[in-house]
Amino acid sequence: MFRTILLAYDGSDHAKRAAEVAKAEAQAHGARLLVVHAYEPVPDYLGEPFFEEALKRRLERAERILAEARALTGVPKEDALLLEGAPAQAILEAARGEKADLIVMGTRGLGALGSLFLGSQSQRVVAEAPCPVLLVR
Ligand code: ATP
Ligand code: MG
């Protein structure tokens, strides 16, 4: 039923569990699994050399997180996408662009507000997704 499954990964414990579920679902359906991680753009008002330094660090961190997602799921490099932008928006664009049939993500992420039952990115994706969304606890 699912041909393309998109995993949104931010390195949190919830996302790690989502990675396991996404991998198992992809295997069960014989689907292509895509993993994406979005990093927020660095504001250019920082100016040089702070802008370059901040961007470099942000990219390195994002690449580490994406590599971790690949290690957990075993997806090849070409199916691991680094996205720039607000996470929910970037995830939704990737899901549309890649014609994903299913998005898998955590209910919560790295955010510190433990009292909310759903993170803001999950909430936005669920509200606007073009396909079913599987939220993993
Ligand atoms: P908030 O960000 O609102 O403080 P939170 O961090 O607890 O709350 P979300 O950010 O909504 O919750 O995270 C829920 C899930 O969304 C994560 O488990 C992960 O699957 C996905 N996600 C969050 N941020 C990103 C990101 N930058 N790139 C890819 N996926 C992400
Ligand atoms: Mg978050």
# chains A, B, ... in the order shown; residues from 1 in each chain; ligands from 1
call {"tool": "closest_atom_pairs", "arguments": {"of": "chain A", "to": "ligand 2", "cutoff": "12 Å", "atoms": "only C-alpha atoms and all ligand atoms", "output": "tab-separated table"}}
result
residue	atom	partner	partner_atom_place_in_ligand_line	distance
A:Ala8	CA	ligand 2	1 (Mg)	11.1
A:Tyr9	CA	ligand 2	1 (Mg)	10.2
A:Asp10	CA	ligand 2	1 (Mg)	7.6
A:Gly11	CA	ligand 2	1 (Mg)	10.1
A:Ser12	CA	ligand 2	1 (Mg)	8.8
A:Asp13	CA	ligand 2	1 (Mg)	11.8
A:His14	CA	ligand 2	1 (Mg)	10.7
A:Ala15	CA	ligand 2	1 (Mg)	10.4
A:His37	CA	ligand 2	1 (Mg)	11.5
A:Ala38	CA	ligand 2	1 (Mg)	10.5
A:Tyr39	CA	ligand 2	1 (Mg)	10.8
A:Glu40	CA	ligand 2	1 (Mg)	11.1
A:Ala86	CA	ligand 2	1 (Mg)	10.1
A:Pro87	CA	ligand 2	1 (Mg)	8.1
A:Ala88	CA	ligand 2	1 (Mg)	9.5
A:Met105	CA	ligand 2	1 (Mg)	11.2
A:Gly106	CA	ligand 2	1 (Mg)	9.8
A:Thr107	CA	ligand 2	1 (Mg)	9.8
A:Arg108	CA	ligand 2	1 (Mg)	7.0
A:Gly109	CA	ligand 2	1 (Mg)	4.6
A:Leu110	CA	ligand 2	1 (Mg)	5.0
A:Gly111	CA	ligand 2	1 (Mg)	4.5
A:Ala112	CA	ligand 2	1 (Mg)	8.2
A:Leu113	CA	ligand 2	1 (Mg)	9.4
A:Gly114	CA	ligand 2	1 (Mg)	11.0
A:Leu116	CA	ligand 2	1 (Mg)	11.5
A:Leu118	CA	ligand 2	1 (Mg)	9.9
A:Gly119	CA	ligand 2	1 (Mg)	6.3
A:Ser120	CA	ligand 2	1 (Mg)	6.9
A:Gln121	CA	ligand 2	1 (Mg)	6.3
A:Ser122	CA	ligand 2	1 (Mg)	8.5
A:Gln123	CA	ligand 2	1 (Mg)	10.7
A:Arg124	CA	ligand 2	1 (Mg)	11.4
call {"tool": "residues_around", "arguments": {"residues": "stretch 54-61 of chain A", "least_positions_apart": "6", "cutoff": "10 Å", "atoms": "only C-alpha atoms", "output": "short mmCIF file (atom, residue, chain, number, x, y, z; two decimals) with C-alpha atoms, in the first residue's frame"}}
result
data_model
loop_
_atom_site.label_atom_id
_atom_site.label_comp_id
_atom_site.auth_asym_id
_atom_site.auth_seq_id
_atom_site.Cartn_x
_atom_site.Cartn_y
_atom_site.Cartn_z
CA TYR A 39 17.91 22.74 10.04
CA GLU A 40 16.82 26.30 10.63
CA PRO A 41 18.55 28.94 8.48
CA VAL A 42 21.22 31.06 10.15
CA PRO A 43 20.13 34.72 10.35
CA ASP A 44 22.36 36.86 8.09
CA LEU A 46 24.98 37.96 12.37
CA GLU A 48 30.93 37.93 9.03
CA ALA A 67 24.02 10.18 9.45
CA LEU A 82 19.14 17.65 4.46
CA GLU A 84 16.84 24.07 5.20
#
call {"tool": "select_by_dssp", "arguments": {"residues": "stretch 25-120 of chain A", "states": "strand (DSSP E)", "output": "mmCIF file with N, CA, C and O atoms, in the first residue's frame"}}
result
data_model
loop_
_atom_site.group_PDB
_atom_site.id
_atom_site.type_symbol
_atom_site.label_atom_id
_atom_site.label_comp_id
_atom_site.auth_asym_id
_atom_site.auth_seq_id
_atom_site.Cartn_x
_atom_site.Cartn_y
_atom_site.Cartn_z
ATOM 1 N N ARG A 32 10.037 2.430 -0.569
ATOM 2 C CA ARG A 32 11.256 3.222 -0.490
ATOM 3 C C ARG A 32 11.179 4.055 0.790
ATOM 4 O O ARG A 32 10.130 4.636 1.083
ATOM 5 N N LEU A 33 12.270 4.075 1.542
ATOM 6 C CA LEU A 33 12.290 4.898 2.757
ATOM 7 C C LEU A 33 13.200 6.099 2.541
ATOM 8 O O LEU A 33 14.357 5.957 2.155
ATOM 9 N N LEU A 34 12.633 7.276 2.791
ATOM 10 C CA LEU A 34 13.410 8.518 2.716
ATOM 11 C C LEU A 34 13.562 9.043 4.122
ATOM 12 O O LEU A 34 12.591 9.033 4.896
ATOM 13 N N VAL A 35 14.743 9.526 4.480
ATOM 14 C CA VAL A 35 14.879 10.184 5.781
ATOM 15 C C VAL A 35 15.245 11.642 5.565
ATOM 16 O O VAL A 35 16.053 11.963 4.690
ATOM 17 N N VAL A 36 14.605 12.515 6.332
ATOM 18 C CA VAL A 36 14.892 13.942 6.195
ATOM 19 C C VAL A 36 15.184 14.558 7.557
ATOM 20 O O VAL A 36 14.623 14.161 8.574
ATOM 21 N N HIS A 37 16.092 15.531 7.537
ATOM 22 C CA HIS A 37 16.320 16.348 8.724
ATOM 23 C C HIS A 37 16.377 17.806 8.275
ATOM 24 O O HIS A 37 17.060 18.139 7.309
ATOM 25 N N ALA A 38 15.656 18.646 8.977
ATOM 26 C CA ALA A 38 15.641 20.069 8.624
ATOM 27 C C ALA A 38 16.430 20.875 9.649
ATOM 28 O O ALA A 38 16.319 20.647 10.850
ATOM 29 N N TYR A 39 17.224 21.807 9.137
ATOM 30 C CA TYR A 39 17.912 22.741 10.044
ATOM 31 C C TYR A 39 17.428 24.153 9.733
ATOM 32 O O TYR A 39 17.148 24.496 8.592
ATOM 33 N N ALA A 80 18.688 10.166 1.850
ATOM 34 C CA ALA A 80 18.780 10.955 3.085
ATOM 35 C C ALA A 80 18.922 12.421 2.697
ATOM 36 O O ALA A 80 19.890 12.807 2.059
ATOM 37 N N LEU A 81 17.932 13.221 3.055
ATOM 38 C CA LEU A 81 17.895 14.612 2.589
ATOM 39 C C LEU A 81 18.050 15.602 3.741
ATOM 40 O O LEU A 81 17.348 15.510 4.751
ATOM 41 N N LEU A 82 18.967 16.542 3.530
ATOM 42 C CA LEU A 82 19.137 17.646 4.464
ATOM 43 C C LEU A 82 18.300 18.808 3.938
ATOM 44 O O LEU A 82 18.457 19.206 2.785
ATOM 45 N N LEU A 83 17.410 19.336 4.769
ATOM 46 C CA LEU A 83 16.517 20.403 4.328
ATOM 47 C C LEU A 83 16.793 21.662 5.129
ATOM 48 O O LEU A 83 17.066 21.585 6.330
ATOM 49 N N GLU A 84 16.686 22.814 4.471
ATOM 50 C CA GLU A 84 16.840 24.069 5.203
ATOM 51 C C GLU A 84 15.471 24.709 5.357
ATOM 52 O O GLU A 84 14.717 24.799 4.395
ATOM 53 N N LEU A 102 3.262 8.101 3.183
ATOM 54 C CA LEU A 102 3.194 8.028 4.648
ATOM 55 C C LEU A 102 4.355 8.827 5.228
ATOM 56 O O LEU A 102 5.482 8.705 4.769
ATOM 57 N N ILE A 103 4.036 9.629 6.249
ATOM 58 C CA ILE A 103 5.076 10.341 6.996
ATOM 59 C C ILE A 103 5.164 9.689 8.379
ATOM 60 O O ILE A 103 4.126 9.462 9.017
ATOM 61 N N VAL A 104 6.366 9.376 8.823
ATOM 62 C CA VAL A 104 6.543 8.817 10.164
ATOM 63 C C VAL A 104 7.388 9.798 10.965
ATOM 64 O O VAL A 104 8.443 10.239 10.502
ATOM 65 N N MET A 105 6.918 10.154 12.151
ATOM 66 C CA MET A 105 7.663 11.064 13.019
ATOM 67 C C MET A 105 7.301 10.825 14.473
ATOM 68 O O MET A 105 6.380 10.062 14.771
ATOM 69 N N GLY A 106 8.035 11.461 15.394
ATOM 70 C CA GLY A 106 7.743 11.312 16.813
ATOM 71 C C GLY A 106 6.620 12.243 17.249
ATOM 72 O O GLY A 106 6.339 13.240 16.584
#
call {"tool": "closest_residue", "arguments": {"among": "A:Val125, A:Ile5, A:Phe50, A:Arg137", "to": "A:Ala90", "atoms": "only C-alpha atoms"}}
result
A:Val125
call {"tool": "closest_residue", "arguments": {"among": "A:Glu98, A:Glu53, A:Glu25, A:Glu20", "to": "ligand 1", "atoms": "only C-alpha atoms and all ligand atoms"}}
result
A:Glu20
call {"tool": "select_by_dssp", "arguments": {"residues": "chain A", "states": "helix (DSSP H, G or I)", "output": "ChimeraX atom specification"}}
result
/A:13-29,44-46,50-73,77-79,87-97,120-128
call {"tool": "closest_residue", "arguments": {"among": "A:Glu68, A:Glu63, A:Glu128, A:Asp79", "to": "A:Ile91", "atoms": "only C-alpha atoms"}}
result
A:Glu128
call {"tool": "residues_around", "arguments": {"residues": "A:Lys23", "least_positions_apart": "6", "cutoff": "9 Å", "atoms": "only C-alpha atoms", "output": "list in words"}}
result
Leu7, Leu33, Leu72, Thr73, Gly74 and Val75 of chain A
call {"tool": "atom_distance", "arguments": {"atom1": "atom 14 (C, counted along the ligand's line) of ligand 1", "atom2": "atom CA of A:Thr4"}}
result
20.0 Å
call {"tool": "closest_residue", "arguments": {"among": "A:Ile65, A:Ala26, A:Cys131, A:Ala31", "to": "ligand 1", "atoms": "only C-alpha atoms and all ligand atoms"}}
result
A:Ile65
call {"tool": "closest_residue", "arguments": {"among": "A:Asp101, A:Gly85, A:Arg96, A:Leu135", "to": "A:Ala19", "atoms": "only C-alpha atoms"}}
result
A:Leu135
